[in-house]
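In what follows, a single structure is set out as structure tokens and then discussed.
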Amino acid sequence: MNHILASALFLIVSDSCFSQSSWTGNTSPTYPALIEHLQKLDKAHKELSMYNMGSSDYGLPIYLFVMNGGKDSTRTFSKAQTGTTILINNAIHPGEPDGINACLIWLDQWIAQGKPLETKDGKKLPLIAFIPAYNVGGMMNRSSTSRANQNGPEEYGFRGSTRNFDLNRDFIKMDSKNAFTFAKIFHSLDPDVFIDNHVSNGADYQYTLTYIASMKERMSPEMNELTYGKCIPYLTSNVKQQGWDLFPYVELKGETPAQGIHAFNDLPRYAMGFASLFHSISFTVETHMLKPFPQRVQATLAFMEGIISFTANNALEIEEIRSASKSWAQNLTHFAYNYQLSEKADSISFKGYEHSFPVHPITGLKELTYNRTQAYERMIPWFKTYVPKDSVVVPKYYVVGGQESDVIDRLKANHVLFETLTSDSFDTLHVSSVKSYKSPSQPYEGHFKLGQIEVGESAKIISLKPGDILIPSRQDAALFIHATLQPMAEDSYLSWNFFDSYLQQKEYFSNYVFKDQIADILDENRPLKEEYELRKATDEKFRNSEWDQLYFIYCRSPYFEQTFMRLPVYQKF
Ligand SMILES: [Zn+2]
């Protein structure tokens, strides 16, 4: 055997070994190795395709890998839109790469089984698409140390993106190019099921596999019943047959599980919360950081098998319920927000470890310790109900000023339908004026996000200009529209600082000139004069401050700018 032939044979053998086994160990591929491997599979199998879906902030593309698609991209995306589709997102936090390996193992097994287009139950395989690694910049920033408490793999990427964003907070504000590429992927597929793969932080307990389901109160009643009444019981029993306990994400109410766990409020800023706005059945998979990586990968794979099986077995019902949910959202009369966890507790059987607070030899302080030799199973409180503290009447349509190109770009990226005005006109619209808000002293995800927003509404005749847009509430993107344009909603564009420029007064007055004008203003406005005199009589500080008195009159005079604190988003009822 000559040397060249021997080397070639060695390459073939080592390559096949690589694809069969290297995803089950304590390593996870680099981004270039991952993409190179998937490109090879794309070339070798007509049932598999990989698409470059757009850029990331890092500069390298974000890909979408599709199993069981169509013959070309047009047919693949039209099959996804009309058929039953699962979208899996990996490595939004690249320090948590379990989903990458799980998808690679699933692919290897599927190829080894002869690429069956039916499930084990004889049901049609859904279209399965996965984003190999979403946070490309984080993937390229590898180390063995950024997950201080995590048990493998040997090397992994970093949580922050190349611009140091947590991309799992970026689905509404869309600061990253990644988020725009994600919106393109998401709306091109319109997935029926969405899975975001992660690894947990937090308490120690026996489970390897936990899940977060979308908050039930934000869903349509039909989707709530399908997710909680049917899908979760199915998954729990399916992964149990595969040898895994499936448990809700251990979000602690207090310091330890003994004080109870609570449901997660998946706000629209998160991947799964975003997917829920479009009525996908959404889950975040959270494997437990202290379990070895190969075990976590197998658990993630079991969840993937379970969700594929559920989707295949219930394809028609899922399609019908998504369609009913879209109608439900289109016909909403009220939009609820400001969800707070209810103190009403259920209970759930939990497999934990006993804990204690021994004195630490170095710090000298009593510190929480879980004892793995003392496993227990007992009931713990489970807070799983949220209550919306506020709600508003849904308008027939919203009007957004055409100058708000950042907002309009994000609406377009999310397939929001609207009409663009081509001429000047007047309309009586509900105007929102910000009365008060709080801004934090430190930034959160690149923003000084506004909180505790209070808004006043009034009807006014508004002059509209060419370029302003009219957005009807009756459309498939209804929940996304309300979540972003209702000013007091948790993830509104107002809260994410898109309208900060409207919160600053542009014109003032000079005391020495304005003081000569107030007599005329008060003479022409009797109610104002009465209000002013009353205030002067009852408020000592006011009585002694020239500025307070002049500003009081100025704010209520025709000289005051009408647009101060007024948002460029109007509502028509
Ligand atoms: Zn994560």
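In the structure tokens, chains take letters A, B, ... by order of appearance, with residues numbered from 1 within each chain and ligands from 1 in the order shown.
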
Produce a table with one row for each residue of segment 151-249 of chain A that has an atom at most 10 Å from any atom of segment 386-397 of chain A, each row naming the nearest atom pair and its distance in Å at one decimal; use only C-alpha atoms; arrange rows by chain and rising residue number; format as a tab-separated table.
residue	atom	partner	partner_atom	distance
A:Met215	CA	A:Tyr386	CA	7.9
A:Lys216	CA	A:Tyr386	CA	8.3
A:Glu217	CA	A:Tyr386	CA	6.6
A:Arg218	CA	A:Tyr386	CA	9.2

Selected residues, all heavy atoms, written as a PDB file, in the first residue's frame, please.
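Saved to result39.pdb:
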ATOM      1  N   MET A 215     -45.368  31.335  29.629  1.00  0.00           N
ATOM      2  CA  MET A 215     -46.326  31.680  30.678  1.00  0.00           C
ATOM      3  C   MET A 215     -47.744  31.471  30.152  1.00  0.00           C
ATOM      4  O   MET A 215     -48.109  32.032  29.122  1.00  0.00           O
ATOM      5  CB  MET A 215     -46.113  33.150  31.042  1.00  0.00           C
ATOM      6  CG  MET A 215     -46.638  33.511  32.380  1.00  0.00           C
ATOM      7  SD  MET A 215     -46.287  35.261  32.671  1.00  0.00           S
ATOM      8  CE  MET A 215     -47.733  35.946  31.899  1.00  0.00           C
ATOM      9  N   LYS A 216     -48.514  30.660  30.869  1.00  0.00           N
ATOM     10  CA  LYS A 216     -49.820  30.247  30.338  1.00  0.00           C
ATOM     11  C   LYS A 216     -50.792  31.414  30.192  1.00  0.00           C
ATOM     12  O   LYS A 216     -51.621  31.435  29.282  1.00  0.00           O
ATOM     13  CB  LYS A 216     -50.432  29.122  31.167  1.00  0.00           C
ATOM     14  CG  LYS A 216     -50.687  29.452  32.634  1.00  0.00           C
ATOM     15  CD  LYS A 216     -51.210  28.207  33.345  1.00  0.00           C
ATOM     16  CE  LYS A 216     -51.680  28.486  34.755  1.00  0.00           C
ATOM     17  NZ  LYS A 216     -50.625  29.028  35.658  1.00  0.00           N
ATOM     18  N   GLU A 217     -50.660  32.404  31.079  1.00  0.00           N
ATOM     19  CA  GLU A 217     -51.625  33.513  31.081  1.00  0.00           C
ATOM     20  C   GLU A 217     -51.511  34.393  29.836  1.00  0.00           C
ATOM     21  O   GLU A 217     -52.428  35.132  29.515  1.00  0.00           O
ATOM     22  CB  GLU A 217     -51.436  34.376  32.331  1.00  0.00           C
ATOM     23  CG  GLU A 217     -51.856  33.692  33.632  1.00  0.00           C
ATOM     24  CD  GLU A 217     -50.821  32.709  34.171  1.00  0.00           C
ATOM     25  OE1 GLU A 217     -49.720  32.600  33.580  1.00  0.00           O
ATOM     26  OE2 GLU A 217     -51.121  32.033  35.180  1.00  0.00           O
ATOM     27  N   ARG A 218     -50.353  34.341  29.152  1.00  0.00           N
ATOM     28  CA  ARG A 218     -50.205  35.190  27.975  1.00  0.00           C
ATOM     29  C   ARG A 218     -50.667  34.486  26.691  1.00  0.00           C
ATOM     30  O   ARG A 218     -50.700  35.102  25.629  1.00  0.00           O
ATOM     31  CB  ARG A 218     -48.740  35.638  27.846  1.00  0.00           C
ATOM     32  CG  ARG A 218     -48.580  37.068  27.354  1.00  0.00           C
ATOM     33  CD  ARG A 218     -47.123  37.488  27.237  1.00  0.00           C
ATOM     34  NE  ARG A 218     -46.674  38.277  28.366  1.00  0.00           N
ATOM     35  CZ  ARG A 218     -45.718  37.918  29.210  1.00  0.00           C
ATOM     36  NH1 ARG A 218     -45.077  36.788  29.057  1.00  0.00           N
ATOM     37  NH2 ARG A 218     -45.385  38.697  30.209  1.00  0.00           N
TER      38      ARG A 218
END

For this session: Residues within 12 Å of ligand 1 should be enumerated using only C-alpha atoms and all ligand atoms and returned as a ChimeraX atom specification.
Result: /A:89-99,135,147,150,157-160,166-169,196-202,211-212,270-272,284-289

Problem set entry | Contacts of segment 449-461 of chain A at 7 Å (only C-alpha atoms; same-chain gap of 6+ positions) as number ranges by chain | A: 426-440, 488, 495-497

Grab the residues selected above and save them as a short mmCIF file (atom, residue, chain, number, x, y, z; two decimals), in the first residue's frame with N, CA and C atoms.
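The resulting file, result-v1.cif, is reproduced below:
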data_model
loop_
_atom_site.label_atom_id
_atom_site.label_comp_id
_atom_site.auth_asym_id
_atom_site.auth_seq_id
_atom_site.Cartn_x
_atom_site.Cartn_y
_atom_site.Cartn_z
N PHE A 426 -55.77 64.97 8.38
CA PHE A 426 -56.03 65.17 9.81
C PHE A 426 -56.88 64.03 10.30
N ASP A 427 -56.67 63.63 11.54
CA ASP A 427 -57.54 62.60 12.11
C ASP A 427 -57.63 62.83 13.63
N THR A 428 -58.78 62.46 14.20
CA THR A 428 -58.89 62.52 15.66
C THR A 428 -58.35 61.23 16.23
N LEU A 429 -57.27 61.32 16.98
CA LEU A 429 -56.57 60.13 17.47
C LEU A 429 -56.32 60.24 18.96
N HIS A 430 -56.13 59.09 19.59
CA HIS A 430 -55.76 59.09 21.00
C HIS A 430 -54.25 59.29 21.11
N VAL A 431 -53.90 60.30 21.88
CA VAL A 431 -52.50 60.68 22.04
C VAL A 431 -52.04 60.19 23.40
N SER A 432 -50.84 59.61 23.45
CA SER A 432 -50.28 59.18 24.74
C SER A 432 -49.19 60.15 25.16
N SER A 433 -49.34 60.71 26.35
CA SER A 433 -48.31 61.59 26.90
C SER A 433 -47.75 60.97 28.17
N VAL A 434 -46.45 60.92 28.25
CA VAL A 434 -45.80 60.30 29.41
C VAL A 434 -45.92 61.25 30.59
N LYS A 435 -46.47 60.74 31.68
CA LYS A 435 -46.62 61.57 32.87
C LYS A 435 -45.44 61.39 33.82
N SER A 436 -44.95 60.14 33.92
CA SER A 436 -43.78 59.89 34.78
C SER A 436 -43.14 58.57 34.40
N TYR A 437 -41.90 58.43 34.79
CA TYR A 437 -41.15 57.19 34.55
C TYR A 437 -39.93 57.21 35.46
N LYS A 438 -39.32 56.04 35.61
CA LYS A 438 -38.05 55.95 36.33
C LYS A 438 -37.00 55.42 35.36
N SER A 439 -35.79 55.97 35.41
CA SER A 439 -34.72 55.35 34.64
C SER A 439 -33.62 54.93 35.60
N PRO A 440 -33.01 53.77 35.32
CA PRO A 440 -32.05 53.22 36.29
C PRO A 440 -30.72 53.98 36.22
N MET A 488 -47.07 51.27 28.09
CA MET A 488 -46.79 50.80 29.45
C MET A 488 -46.51 49.30 29.52
N SER A 495 -40.27 51.79 26.63
CA SER A 495 -39.42 51.37 27.75
C SER A 495 -37.99 51.12 27.27
N TRP A 496 -37.82 50.64 26.05
CA TRP A 496 -36.48 50.34 25.52
C TRP A 496 -35.83 51.58 24.90
N ASN A 497 -36.32 52.76 25.26
CA ASN A 497 -35.65 54.03 24.92
C ASN A 497 -35.75 54.46 23.46
#

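Picture a line from atom CA of His360 of chain A to atom CA of Gln259 of chain A; it runs 23.1 Å.
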
Exercise. So which one's closest to Leu411 of chain A, A:His482, A:Arg163, A:Lys230, A:Arg322? Using only C-alpha atoms, please.
Worked result: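 Nearest candidate to Leu411 of chain A out of A:His482, A:Arg163, A:Lys230, A:Arg322: A:His482.
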
For this session: Would you please work out which residue, of A:Ile380, A:Leu528, A:Leu522, A:Val407, is nearest to Ile481 of chain A when using only C-alpha atoms?
Result: A:Val407
